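See structure below.
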Protein chains: 2
Amino acid sequence: MQGGTMADSSGPVWTPLVVLELASDTAEEAVTWLLRRIRDTQHNGGADLLVEQLGLGVETQKKQNPNLFLVGASNQRLLAGAEDVGLFKEYSDGSMRGFTCASKHNFKDFNGDGDGFLSMAECQYIIKHELDTLRAKDETHVPGHSHAKLYPGKSIIRRLQSKGILIQMFPLHEKEELKRLSFSWFKKLKLSLQPLDDIRHYYGEGQALYFGFLEYFTFALVPMALIGVPYFLFDWEDYDKYVIFAAFNLIWSTVILELWKRCSASLAYRWGTLSRKKAFEEPRPGFHGVLGFNPVTGREEPTYPTAKRHLRVYLVSVPFVLLCLYLSLYVMMIYFQMEGWVLSIHDEEPTFWTGILLFIPSIIYAVVIEIMNLIYRYAAEFLTEWENHRLESSYQNHLVLKVLVFNFFNCFASLFYIAFVMQDMVLLRQSLATLLITSQILNQIMESFLPYWLQRRRNKKMIRKVQKRATLQDKELPLEEQVRLEADMSTYLGTFDDYLELFLLFGYVSLFSCVYPLAAVLVVLNNITEVYSDAFKMCHVFKRPFSEPAANIGVWQLAFEAMCVIAVVTNCSLIGMSPQVKAYFPESDTQLILWTVAIEHCLLAIKFILSFLIPDVPKQIQVKLARLEFESLEALKKKLKATIRATWALITPEQ
Amino acid sequence: MQGGTMADSSGPVWTPLVVLELASDTAEEAVTWLLRRIRDTQHNGGADLLVEQLGLGVETQKKQNPNLFLVGASNQRLLAGAEDVGLFKEYSDGSMRGFTCASKHNFKDFNGDGDGFLSMAECQYIIKHELDTLRAKDETHVPGHSHAKLYPGKSIIRRLQSKGILIQMFPLHEKEELKRLSFSWFKKLKLSLQPLDDIRHYYGEGQALYFGFLEYFTFALVPMALIGVPYFLFDWEDYDKYVIFAAFNLIWSTVILELWKRCSASLAYRWGTLSRKKAFEEPRPGFHGVLGFNPVTGREEPTYPTAKRHLRVYLVSVPFVLLCLYLSLYVMMIYFQMEGWVLSIHDEEPTFWTGILLFIPSIIYAVVIEIMNLIYRYAAEFLTEWENHRLESSYQNHLVLKVLVFNFFNCFASLFYIAFVMQDMVLLRQSLATLLITSQILNQIMESFLPYWLQRRRNKKMIRKVQKRATLQDKELPLEEQVRLEADMSTYLGTFDDYLELFLLFGYVSLFSCVYPLAAVLVVLNNITEVYSDAFKMCHVFKRPFSEPAANIGVWQLAFEAMCVIAVVTNCSLIGMSPQVKAYFPESDTQLILWTVAIEHCLLAIKFILSFLIPDVPKQIQVKLARLEFESLEALKKKLKATIRATWALITPEQ
């Protein structure tokens with residue numbers, strides 16, 4: 001395991017799992033208090049975890065933060081925590097069951113005292129949960145920091161986070177595991193499926209589902225790409241033949257989304273997150289308000305009136321988003337003016353340079369869109385923070401919605417304008433190609449190469465520093481330097497941006513596929529590089545993220561399905577506008593439109609019926625889940641009947 | 001309580017709850033065996049219930065079936081059964097919780113030994129459940145009936161039912177309760193809301209939700225009716241002004257359906273069915289197949305390959321339904337020919353009689369539709385039975401779908417044809433009025449007066465017979481005669497037909513409201529009489545049905561929502577076709593259609609967003625449910641921690 005155990009420093013022999021970094025100006029008494037609370041037994045309201053301060057390096061440097069703490073736990077404590085968080089593990093009969101200490105020996109791979117039964121990611125998740133639920137008792141504030149108010153039941157870690165005393169909390173990488181994972185993931189040359197189980201083992205279900213979806217999505221696009229190539233090769237200008245392609249596309253995208261649900265359910269079942277119940281959600285660290293009582297838990301916590309939040313959402317956020325959409329529309333109009341201007345120059349005196357000039361507006365527009373997306377993203381985060389949502393999930397939903405709407409509008413408005421207002425299919429195809437290629441290149445640079453380059457520079461500096469001071473026998477860094485190195489790595493901000501990118505790519509493929517069949521090919525190529533660059537950045541650029549149990553891709557499934565519905569509408573319209581179809585209704589446009597609308601409605605109806613008919617969870621897994629539920633019900637009943645019989649025996653003589 | 005206790009006959013003092021009627025040719029040994037199995041203790045695999053044969057009347061008649069049995073149970077047995085079926089009752093703190101015998105004294109209204117704690121309907125439901133789950137042990141067939149095969153774990157009652165040995169099983173009415181209920185429900189002259197809690201108390205949640213929905217639906221239609229009246233009075237021929245009415249209608253129907261969900265959740269919470277878990281479903285009595293093992297329970301039971309069922313559904317049922325739809329279309333065409341023929345006669349030589357003749361085709365068509373619906377209904381039941389569904393719920397879903405599609409088509413095809421093919425708004429209005437009024441009158445006759453008249457004749461015969469033989473001191477019938485009387489009453493076949501009627505009425509109101517605003521008024525009037533006639537038939541015409549726990553109106557919510565979506569499409573088209581709107585686009589039809597389609601798409605989008613934004617369960621009840629779940633989780637955790645601490649203490653010294 002990475003860095004070995006804590007045996008080399010003073011203290012007991014245990015594996016450090018999570019790092020806490022406190023601000024360097026934290027009061028001494030606050031540190032002592034926190035460590036005591038973390039170490040205290042659960043009986044005394046502590047977390048019952050192991051914690052040690054990180055040794056101060058090879059030589060104490062003023063610049064380095066001394067307040068780095070390593071947190072771990074005994075095996076017994078971790079197993080108890082696993083039961084606490086409701087972890088599902090494989091049972092001896094192959095089914096997935098909620099782990100309980102009482103039945104631990106019936107679980108597969110549980111040997112002796114259970115060493116190695118939990119993966120490191122699971123241990124880290126448990127420690128995070130235990131730290132998060134470490135609550136204040138009768139403290140009124142953090143010792144030495146009177147502005148950091150506490151009240152009985154308040155999560156200590158969340159308060160420290162919101163007051164900036166706790167700078168970060170992150171799990172440690174496992175060097176050996178990571179090497180093995182990155183080899184099987186992207187370093188070996190043989191093309192193969194991603195090692196999803198290993199990814200889940202190291203990063204947790206949320207990450208693994210993202211990579212699973214990325215892989216699934218790529219494979220699902222292959223048929224479209226294969227059909228798209230001949231269209232591209234032989235019928236480049238004959239875009240009215242794309243009718244069949246579009247029809248295939250529509251049904252295909254509905255089916256793949258429905259099948260993904262089943263696929264995701266299978267994965268989630270295998271990983272034990274499908275039937276896992278969600279724990280009660282704590283308020284997010286940034287949530288503030290007047291101290292009151294939570295109506296559910298009865299605990300003291302900040303309260304914030306829902307009406308006030310609604311006012312903020314509907315009177316500030318919604319108008320702001322609409323304003324941004326208007327601005328985006330304005331920029332789009334400028335783009336079209338530029339486009340017209342460049343075209344007029346080229347038409348006047350066509351040279352090689354004016355030929356290149358033709359592409360300039362599109363490229364500029366693509367860059368501007370990316371910049372606007374970035375700025376808007378910050379604004380959206382600020383606004384959503386200001387809306388003061390109580391739960392992290394509600395915060396995330398509002399943020400996703402804001403960002404999705406704007407990104408969708410920004411990326412596709414110009415294409416809609418070209419397609420339905422200008423009705424210029426050649427320009428549409430050209431814009432689509434430019435947008436798709438530019439945004440892909442930009443994304444790859446922003447997402448992987450830039451962070452990688454920054455990280456590399458930082459790493460080199462650190463290694464050089466270490467090498468200057470000590471000659472290392474083996475190439476491995478000592479634990480302490482490793483911790484400092486990881487503390488400096490960028491923080492992975494979740495799968496949001498990765499999903500957003502896939503969502504927009506899906507939009508390019510599905511919305512206008514009948515005009516530019518090559519889109520699927522480009523997206524497939526992009527996805528393949530995406531797998532590698534995402535895998536690389538997960539392994540080498542970012543801090544290890546805490547694993548997040550997830551049963552599905554959540555709100556993104558909904559977003560992809562909504563895109564699918566919009567795709568039906570756009571594709572039907574495009575088909576209706578194609579010369580080939582128009583030729584069938586030579587005398588009247590009205591007939592053509594009515595037919596198009598009728599077919600569109602039928603397709604939408606078929607879509608909804610299909611998504612209703614295909615069960616979301618494969619039959620086989622439904623049966624397994626039902627069996628588990630049935631067994632637990634039967635066990636309960638048996639227990640009940642025994643109790644009743646006993647009670648009866650007690651009561652009957654009295655009558 | 002009705003008929004008093006069993007004290008007047010021989011045997012112990014207990015209240016008869018449920019009646020079992022076995023075929024008169026049942027073998028003596030079968031009866032003895034069944035009674036023994038019902039009376040046997042649960043330890044021996046029996047149901048531990050009380051059962052007595054009904055005395056043979058004032059004088060033994062050959063014609064009367066002697067095999068009537070009364071089933072009851074001791075108070076303790078009923079309470080244990082309540083825990084078994086997972087009944088929710090009001091706790092001392094006002095919340096609804098699953099009843100357990102261990103915590104029985106913490107429940108509201110639980111006094112002494114719990115007499116009167118369970119309502120009679122609940123007791124009857126418990127007895128039905130206990131009888132249904134009375135399973136064969138090692139019997140290979142019912143004694144004396146070698147064709148009624150049994151295998152370990154087979155529900156005895158279901159086998160007896162499917163082999164025709166058990167003719168019927170029904171709960172008894174409570175004379176006093178029924179009098180009180182019918183007075184507060186429909187007999188008192190003051191107009192008031194229905195006593196939903198009393199209805200639920202007497203008939204169970206399924207029935208109460210139907211009447212709740214009927215009442216809600218009626219009130220929801222009142223605004224539409226009020227707006228419709230002035231349209232009718234002042235603008236009769238000016239149907240192009242109905243645009244505003246239609247727009248109001250669309251939003252209104254979406255909102256009322258969403259609000260009903262919340263309303264239904266409130267009712268279900270109050271009645272304790274909202275968070276109740278569904279028990280494992282037994283195969284329905286008619287299900288047959290090769291004996292195999294259920295993959296979920298591991299019990300022996302008939303199995304039938306899903307693929308074979310799919311073949312039956314898709315290769316026989318679906319084509320049959322399509323054929324019926326075609327037939328219905330054919331009948332419709334004949335109707336229009338008749339209509340044209342009558343019109344030509346009237347135009348040739350208009351007299352008073354030809355004026356009346358004008359209405360004849362519509363009336364005939366309405367009658368034919370009702371007859372076709374009736375015949376189709378039998379065919380659908382036969383087909384769905386033949387599809388051999390394992391579960392009652394799956395059987396019901398397939399049946400509802402078949403019947404819904406046909407009824408929808410049958411009732412509305414002609415209106416669609418008139419509206420969109422003939423584009424004759426005057427005829428549409430006239431047909432709508434005729435269809436609505438005719439079908440209402442027919443329904444009232446078929447549903448209430450006919451069964452009432454039949455029942456009355458039967459009752460009179462019975463009472464006359466009784467009076468001939470004995471002079472009664474009080475007007476009340478002795479228990480035995482009462483049981484025989486109820487055994488002869490018609491069986492209530494569930495809320496299916498009632499909901500179907502509401503569904504079609506909703507269709508008339510929402511699909512074509514902009515042409516005939518008076519529809520809402522007619523439906524409101526119909527609903528008011530419907531409440532009274534339904535209440536009356538529940539109380540006086542039918543056997544008491546077993547109460548059925550229900551948390552919502554199930555598949556009907558979906559059906560009403562689908563109707564709402566179709567209504568958006570039809571109303572937008574009607575509005576687009578109105579002269580007033582056409583006047584805005586004098587030169588081009590294309591523009592008009594495009595605008596209509598765009599607005600329709602926007603309305604549909606708003607509809608979906610609205611239904612997404614309005615939470616299905618009111619906030620207040622969400623909080624209550626969350627609190628319950630949180631409390632049970634906390635209790636579990638506390639118990640866990642204690643166990644862990646104990647285990648730890650045991651383990652630690654060993655290390």
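Residues in the structure tokens are named by chain (A, B, ... in the order shown) and by number from 1 within that chain; ligands are numbered from 1 in the order shown.
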Identify all chain B residues at most 6 Å from chain A by counting only C-alpha atoms; ligands do not count. Present them as a list of chain:residue names.
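Per the criterion, chain B yields B:Val296, B:Thr590, B:Val623, B:Arg627.
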Q: Could you give me, as a PyMOL selection string, each residue of region 32-260 of chain B that DSSP assigns to helix (DSSP H, G or I) when run on this structure's backbone?
A: chain B and resi 32-39+42-44+75-84+101-106+120-132+156-162+175-187+196-203+205-234+239-260
For Tyr269 (chain A), work out the shell of residues within 10 Å, counting only C-alpha atoms and skipping chain neighbours fewer than 3 positions away, then give it as a PyMOL selection string. chain A and resi 88+95-96+263-266+272-276+551+617+621-622+624-625
Can those selected residues be exported to a file as a PDB file, in the first residue's frame so that it contains C-alpha atoms?
```pdb
ATOM      1  CA  PHE A  88     -23.426  -3.413   0.194  1.00  0.00           C
ATOM      2  CA  SER A  95     -26.058 -11.720  -4.027  1.00  0.00           C
ATOM      3  CA  MET A  96     -25.308  -8.195  -2.808  1.00  0.00           C
ATOM      4  CA  CYS A 263     -26.975  -1.524 -18.478  1.00  0.00           C
ATOM      5  CA  SER A 264     -26.521   0.961 -15.648  1.00  0.00           C
ATOM      6  CA  ALA A 265     -28.887  -1.055 -13.447  1.00  0.00           C
ATOM      7  CA  SER A 266     -26.790  -4.178 -14.077  1.00  0.00           C
ATOM      8  CA  GLY A 272     -24.310  -3.081  -4.700  1.00  0.00           C
ATOM      9  CA  THR A 273     -25.592   0.463  -5.097  1.00  0.00           C
ATOM     10  CA  LEU A 274     -28.877  -0.345  -6.841  1.00  0.00           C
ATOM     11  CA  SER A 275     -30.939  -1.118  -3.774  1.00  0.00           C
ATOM     12  CA  ARG A 276     -28.909   0.942  -1.332  1.00  0.00           C
ATOM     13  CA  ALA A 551     -26.938   3.882  -8.666  1.00  0.00           C
ATOM     14  CA  VAL A 617     -34.145  -3.024 -14.836  1.00  0.00           C
ATOM     15  CA  ILE A 621     -31.914  -8.470 -11.699  1.00  0.00           C
ATOM     16  CA  GLN A 622     -35.536  -7.726 -10.846  1.00  0.00           C
ATOM     17  CA  LYS A 624     -32.707 -11.179  -7.681  1.00  0.00           C
ATOM     18  CA  LEU A 625     -33.861  -8.004  -5.939  1.00  0.00           C
TER      19      LEU A 625
END
```
| query | What separation in Å, quoted to one decimal, exists between CA of Met333 (chain A) and CA of Met563 (chain A)? | reply |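 Separation of CA of Met333 (chain A) and CA of Met563 (chain A): 24.2 Å.
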Atom pair CA of Asp424 (chain A) + CA of Tyr231 (chain A), distance 19.1 Å
### Residues near region 319-324 of chain A, cut-off 12 Å, only C-alpha atoms, skip fewer than 4 positions along chain, as a ChimeraX atom specification
/A:311-315,328-331,372-373,375-377,379-380,382-384,398-399,401-407,409-410
Those residues with C-alpha atoms, as a CSV table (one decimal), in the first residue's frame please?
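Listing of selection.csv after writing:
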```csv
chain,number,residue,atom,x,y,z
A,311,LEU,CA,-38.1,34.7,-4.6
A,312,ARG,CA,-34.3,34.6,-5.3
A,313,VAL,CA,-34.7,31.9,-7.9
A,314,TYR,CA,-37.6,33.4,-9.8
A,315,LEU,CA,-36.9,37.1,-9.4
A,328,SER,CA,-25.8,35.0,-26.4
A,329,LEU,CA,-28.4,35.6,-29.1
A,330,TYR,CA,-26.9,39.1,-29.7
A,331,VAL,CA,-23.4,37.6,-30.1
A,372,MET,CA,-18.9,32.8,-22.6
A,373,ASN,CA,-19.7,29.3,-21.3
A,375,ILE,CA,-17.8,33.0,-17.5
A,376,TYR,CA,-21.4,32.0,-17.3
A,377,ARG,CA,-20.4,28.9,-15.4
A,379,ALA,CA,-21.9,33.4,-12.6
A,380,ALA,CA,-24.1,30.3,-12.3
A,382,PHE,CA,-22.2,32.2,-7.6
A,383,LEU,CA,-25.9,32.6,-8.1
A,384,THR,CA,-26.7,29.1,-7.0
A,398,HIS,CA,-30.2,24.0,-9.8
A,399,LEU,CA,-26.6,24.5,-11.0
A,401,LEU,CA,-30.2,23.2,-14.9
A,402,LYS,CA,-28.7,26.7,-15.2
A,403,VAL,CA,-25.6,25.5,-17.0
A,404,LEU,CA,-27.4,23.1,-19.2
A,405,VAL,CA,-29.9,25.6,-20.6
A,406,PHE,CA,-27.2,28.1,-21.3
A,407,ASN,CA,-24.8,25.7,-22.9
A,409,PHE,CA,-28.6,27.6,-26.2
A,410,ASN,CA,-25.0,28.8,-26.8
```
- Message: Using Å and a single decimal, report how far CA of Thr303 (chain B) sits from CA of Val290 (chain B).
- Response: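 Computing it gives 5.5 Å between the two atoms.
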* What lies within 12 Å of region 197-204 of chain A using only C-alpha atoms, ignoring chain neighbours under 2 positions off, as a ChimeraX atom specification? -> /A:117-125,171-186,193-195,206-212,267-268,270-273,492,494-495,535,538-539,542-551
Q: Would you list the contacts of Thr218 (chain A) as a ChimeraX atom specification, taking every protein, DNA or RNA residue within 9 Å and counting only C-alpha atoms, but skipping same-chain residues closer than 6 positions in sequence?
A: /A:523-525,527-528
Go ahead and save the picked residues with C-alpha atoms, as an mmCIF file, in the first residue's frame.
```
data_model
loop_
_atom_site.group_PDB
_atom_site.id
_atom_site.type_symbol
_atom_site.label_atom_id
_atom_site.label_comp_id
_atom_site.auth_asym_id
_atom_site.auth_seq_id
_atom_site.Cartn_x
_atom_site.Cartn_y
_atom_site.Cartn_z
ATOM 1 C CA VAL A 523 -17.731 12.042 -31.900
ATOM 2 C CA VAL A 524 -16.578 8.429 -31.817
ATOM 3 C CA LEU A 525 -13.003 9.560 -32.447
ATOM 4 C CA ASN A 527 -14.729 9.765 -27.289
ATOM 5 C CA ILE A 528 -11.836 7.394 -27.779
#
```
All residues 12 Å or closer to Trp341 (chain B), only C-alpha atoms, same chain fewer than 3 positions away omitted, as a PDB file with all heavy atoms, in the first residue's frame:
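Everything below was put into selection.pdb:
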```pdb
ATOM      1  N   ILE B 334     -70.552   3.735 -41.618  1.00  0.00           N
ATOM      2  CA  ILE B 334     -71.970   3.480 -41.867  1.00  0.00           C
ATOM      3  C   ILE B 334     -72.810   4.585 -41.233  1.00  0.00           C
ATOM      4  O   ILE B 334     -73.752   5.108 -41.842  1.00  0.00           O
ATOM      5  CB  ILE B 334     -72.387   2.099 -41.304  1.00  0.00           C
ATOM      6  CG1 ILE B 334     -71.683   1.000 -42.093  1.00  0.00           C
ATOM      7  CG2 ILE B 334     -73.913   1.924 -41.358  1.00  0.00           C
ATOM      8  CD1 ILE B 334     -71.961  -0.389 -41.555  1.00  0.00           C
ATOM      9  N   TYR B 335     -72.405   4.971 -40.017  1.00  0.00           N
ATOM     10  CA  TYR B 335     -73.116   6.046 -39.332  1.00  0.00           C
ATOM     11  C   TYR B 335     -73.112   7.329 -40.163  1.00  0.00           C
ATOM     12  O   TYR B 335     -74.137   7.988 -40.331  1.00  0.00           O
ATOM     13  CB  TYR B 335     -72.481   6.264 -37.955  1.00  0.00           C
ATOM     14  CG  TYR B 335     -72.724   7.627 -37.356  1.00  0.00           C
ATOM     15  CD1 TYR B 335     -74.014   8.057 -37.017  1.00  0.00           C
ATOM     16  CD2 TYR B 335     -71.666   8.484 -37.119  1.00  0.00           C
ATOM     17  CE1 TYR B 335     -74.231   9.309 -36.460  1.00  0.00           C
ATOM     18  CE2 TYR B 335     -71.869   9.739 -36.559  1.00  0.00           C
ATOM     19  CZ  TYR B 335     -73.151  10.144 -36.237  1.00  0.00           C
ATOM     20  OH  TYR B 335     -73.367  11.377 -35.693  1.00  0.00           O
ATOM     21  N   PHE B 336     -71.941   7.654 -40.738  1.00  0.00           N
ATOM     22  CA  PHE B 336     -71.873   8.899 -41.500  1.00  0.00           C
ATOM     23  C   PHE B 336     -72.706   8.814 -42.779  1.00  0.00           C
ATOM     24  O   PHE B 336     -73.302   9.789 -43.208  1.00  0.00           O
ATOM     25  CB  PHE B 336     -70.414   9.257 -41.825  1.00  0.00           C
ATOM     26  CG  PHE B 336     -69.714   9.848 -40.632  1.00  0.00           C
ATOM     27  CD1 PHE B 336     -68.663   9.197 -40.025  1.00  0.00           C
ATOM     28  CD2 PHE B 336     -70.150  11.058 -40.106  1.00  0.00           C
ATOM     29  CE1 PHE B 336     -68.057   9.736 -38.920  1.00  0.00           C
ATOM     30  CE2 PHE B 336     -69.536  11.603 -38.998  1.00  0.00           C
ATOM     31  CZ  PHE B 336     -68.488  10.936 -38.400  1.00  0.00           C
ATOM     32  N   GLN B 337     -72.764   7.597 -43.357  1.00  0.00           N
ATOM     33  CA  GLN B 337     -73.617   7.417 -44.532  1.00  0.00           C
ATOM     34  C   GLN B 337     -75.078   7.632 -44.156  1.00  0.00           C
ATOM     35  O   GLN B 337     -75.825   8.325 -44.853  1.00  0.00           O
ATOM     36  CB  GLN B 337     -73.417   6.029 -45.113  1.00  0.00           C
ATOM     37  CG  GLN B 337     -72.185   5.947 -46.001  1.00  0.00           C
ATOM     38  CD  GLN B 337     -72.000   4.567 -46.586  1.00  0.00           C
ATOM     39  OE1 GLN B 337     -72.779   3.656 -46.303  1.00  0.00           O
ATOM     40  NE2 GLN B 337     -70.957   4.425 -47.385  1.00  0.00           N
ATOM     41  N   MET B 338     -75.478   7.047 -43.022  1.00  0.00           N
ATOM     42  CA  MET B 338     -76.844   7.222 -42.531  1.00  0.00           C
ATOM     43  C   MET B 338     -77.133   8.693 -42.312  1.00  0.00           C
ATOM     44  O   MET B 338     -78.182   9.220 -42.708  1.00  0.00           O
ATOM     45  CB  MET B 338     -77.020   6.481 -41.196  1.00  0.00           C
ATOM     46  CG  MET B 338     -77.721   5.146 -41.300  1.00  0.00           C
ATOM     47  SD  MET B 338     -77.512   4.221 -39.765  1.00  0.00           S
ATOM     48  CE  MET B 338     -78.438   5.234 -38.613  1.00  0.00           C
ATOM     49  N   SER B 344     -80.214  14.322 -46.409  1.00  0.00           N
ATOM     50  CA  SER B 344     -80.726  14.563 -47.769  1.00  0.00           C
ATOM     51  C   SER B 344     -82.254  14.490 -47.764  1.00  0.00           C
ATOM     52  O   SER B 344     -82.925  15.264 -48.445  1.00  0.00           O
ATOM     53  CB  SER B 344     -80.132  13.548 -48.752  1.00  0.00           C
ATOM     54  OG  SER B 344     -80.659  12.264 -48.483  1.00  0.00           O
ATOM     55  N   ILE B 345     -82.821  13.575 -46.966  1.00  0.00           N
ATOM     56  CA  ILE B 345     -84.291  13.489 -46.847  1.00  0.00           C
ATOM     57  C   ILE B 345     -84.844  14.782 -46.265  1.00  0.00           C
ATOM     58  O   ILE B 345     -85.810  15.366 -46.776  1.00  0.00           O
ATOM     59  CB  ILE B 345     -84.694  12.296 -45.937  1.00  0.00           C
ATOM     60  CG1 ILE B 345     -84.390  10.978 -46.648  1.00  0.00           C
ATOM     61  CG2 ILE B 345     -86.176  12.373 -45.564  1.00  0.00           C
ATOM     62  CD1 ILE B 345     -84.742   9.757 -45.808  1.00  0.00           C
ATOM     63  N   HIS B 346     -84.202  15.250 -45.195  1.00  0.00           N
ATOM     64  CA  HIS B 346     -84.663  16.465 -44.519  1.00  0.00           C
ATOM     65  C   HIS B 346     -84.561  17.673 -45.450  1.00  0.00           C
ATOM     66  O   HIS B 346     -85.447  18.528 -45.474  1.00  0.00           O
ATOM     67  CB  HIS B 346     -83.827  16.694 -43.257  1.00  0.00           C
ATOM     68  CG  HIS B 346     -84.247  17.903 -42.476  1.00  0.00           C
ATOM     69  ND1 HIS B 346     -85.415  17.976 -41.762  1.00  0.00           N
ATOM     70  CD2 HIS B 346     -83.640  19.115 -42.304  1.00  0.00           C
ATOM     71  CE1 HIS B 346     -85.522  19.151 -41.179  1.00  0.00           C
ATOM     72  NE2 HIS B 346     -84.461  19.874 -41.494  1.00  0.00           N
ATOM     73  N   ASP B 347     -83.487  17.723 -46.214  1.00  0.00           N
ATOM     74  CA  ASP B 347     -83.298  18.870 -47.111  1.00  0.00           C
ATOM     75  C   ASP B 347     -84.329  18.874 -48.229  1.00  0.00           C
ATOM     76  O   ASP B 347     -84.783  19.928 -48.672  1.00  0.00           O
ATOM     77  CB  ASP B 347     -81.878  18.853 -47.713  1.00  0.00           C
ATOM     78  CG  ASP B 347     -80.860  19.328 -46.697  1.00  0.00           C
ATOM     79  OD1 ASP B 347     -81.288  19.817 -45.634  1.00  0.00           O
ATOM     80  OD2 ASP B 347     -79.644  19.191 -46.951  1.00  0.00           O
ATOM     81  N   GLU B 348     -84.709  17.660 -48.666  1.00  0.00           N
ATOM     82  CA  GLU B 348     -85.671  17.558 -49.759  1.00  0.00           C
ATOM     83  C   GLU B 348     -87.022  18.145 -49.355  1.00  0.00           C
ATOM     84  O   GLU B 348     -87.609  18.951 -50.057  1.00  0.00           O
ATOM     85  CB  GLU B 348     -85.858  16.084 -50.148  1.00  0.00           C
ATOM     86  CG  GLU B 348     -85.245  15.750 -51.501  1.00  0.00           C
ATOM     87  CD  GLU B 348     -85.315  14.263 -51.761  1.00  0.00           C
ATOM     88  OE1 GLU B 348     -86.386  13.663 -51.501  1.00  0.00           O
ATOM     89  OE2 GLU B 348     -84.289  13.692 -52.189  1.00  0.00           O
ATOM     90  N   THR B 354     -89.062  14.803 -40.137  1.00  0.00           N
ATOM     91  CA  THR B 354     -87.687  14.671 -40.643  1.00  0.00           C
ATOM     92  C   THR B 354     -86.731  15.402 -39.700  1.00  0.00           C
ATOM     93  O   THR B 354     -85.560  15.035 -39.572  1.00  0.00           O
ATOM     94  CB  THR B 354     -87.554  15.241 -42.068  1.00  0.00           C
ATOM     95  OG1 THR B 354     -88.016  16.592 -42.054  1.00  0.00           O
ATOM     96  CG2 THR B 354     -88.341  14.436 -43.061  1.00  0.00           C
ATOM     97  N   LEU B 357     -86.016  12.975 -37.236  1.00  0.00           N
ATOM     98  CA  LEU B 357     -85.224  11.946 -37.903  1.00  0.00           C
ATOM     99  C   LEU B 357     -83.739  12.293 -37.890  1.00  0.00           C
ATOM    100  O   LEU B 357     -82.869  11.411 -37.814  1.00  0.00           O
ATOM    101  CB  LEU B 357     -85.722  11.785 -39.350  1.00  0.00           C
ATOM    102  CG  LEU B 357     -85.353  10.487 -40.066  1.00  0.00           C
ATOM    103  CD1 LEU B 357     -86.019   9.301 -39.381  1.00  0.00           C
ATOM    104  CD2 LEU B 357     -85.743  10.541 -41.535  1.00  0.00           C
ATOM    105  N   LEU B 358     -83.447  13.611 -37.933  1.00  0.00           N
ATOM    106  CA  LEU B 358     -82.056  14.067 -37.945  1.00  0.00           C
ATOM    107  C   LEU B 358     -81.268  13.523 -36.755  1.00  0.00           C
ATOM    108  O   LEU B 358     -80.069  13.294 -36.846  1.00  0.00           O
ATOM    109  CB  LEU B 358     -81.999  15.595 -37.916  1.00  0.00           C
ATOM    110  CG  LEU B 358     -82.154  16.307 -39.260  1.00  0.00           C
ATOM    111  CD1 LEU B 358     -82.037  17.798 -39.080  1.00  0.00           C
ATOM    112  CD2 LEU B 358     -81.109  15.817 -40.244  1.00  0.00           C
ATOM    113  N   ILE B 360     -81.899  10.708 -35.166  1.00  0.00           N
ATOM    114  CA  ILE B 360     -81.928   9.249 -35.055  1.00  0.00           C
ATOM    115  C   ILE B 360     -80.557   8.598 -35.263  1.00  0.00           C
ATOM    116  O   ILE B 360     -80.123   7.794 -34.425  1.00  0.00           O
ATOM    117  CB  ILE B 360     -82.987   8.656 -36.023  1.00  0.00           C
ATOM    118  CG1 ILE B 360     -84.388   9.167 -35.647  1.00  0.00           C
ATOM    119  CG2 ILE B 360     -82.939   7.125 -36.007  1.00  0.00           C
ATOM    120  CD1 ILE B 360     -84.928   8.658 -34.341  1.00  0.00           C
ATOM    121  N   PRO B 361     -79.814   8.924 -36.347  1.00  0.00           N
ATOM    122  CA  PRO B 361     -78.519   8.232 -36.552  1.00  0.00           C
ATOM    123  C   PRO B 361     -77.594   8.367 -35.349  1.00  0.00           C
ATOM    124  O   PRO B 361     -76.981   7.380 -34.923  1.00  0.00           O
ATOM    125  CB  PRO B 361     -77.937   8.936 -37.776  1.00  0.00           C
ATOM    126  CG  PRO B 361     -79.106   9.480 -38.493  1.00  0.00           C
ATOM    127  CD  PRO B 361     -80.093   9.857 -37.434  1.00  0.00           C
TER     128      PRO B 361
END
```
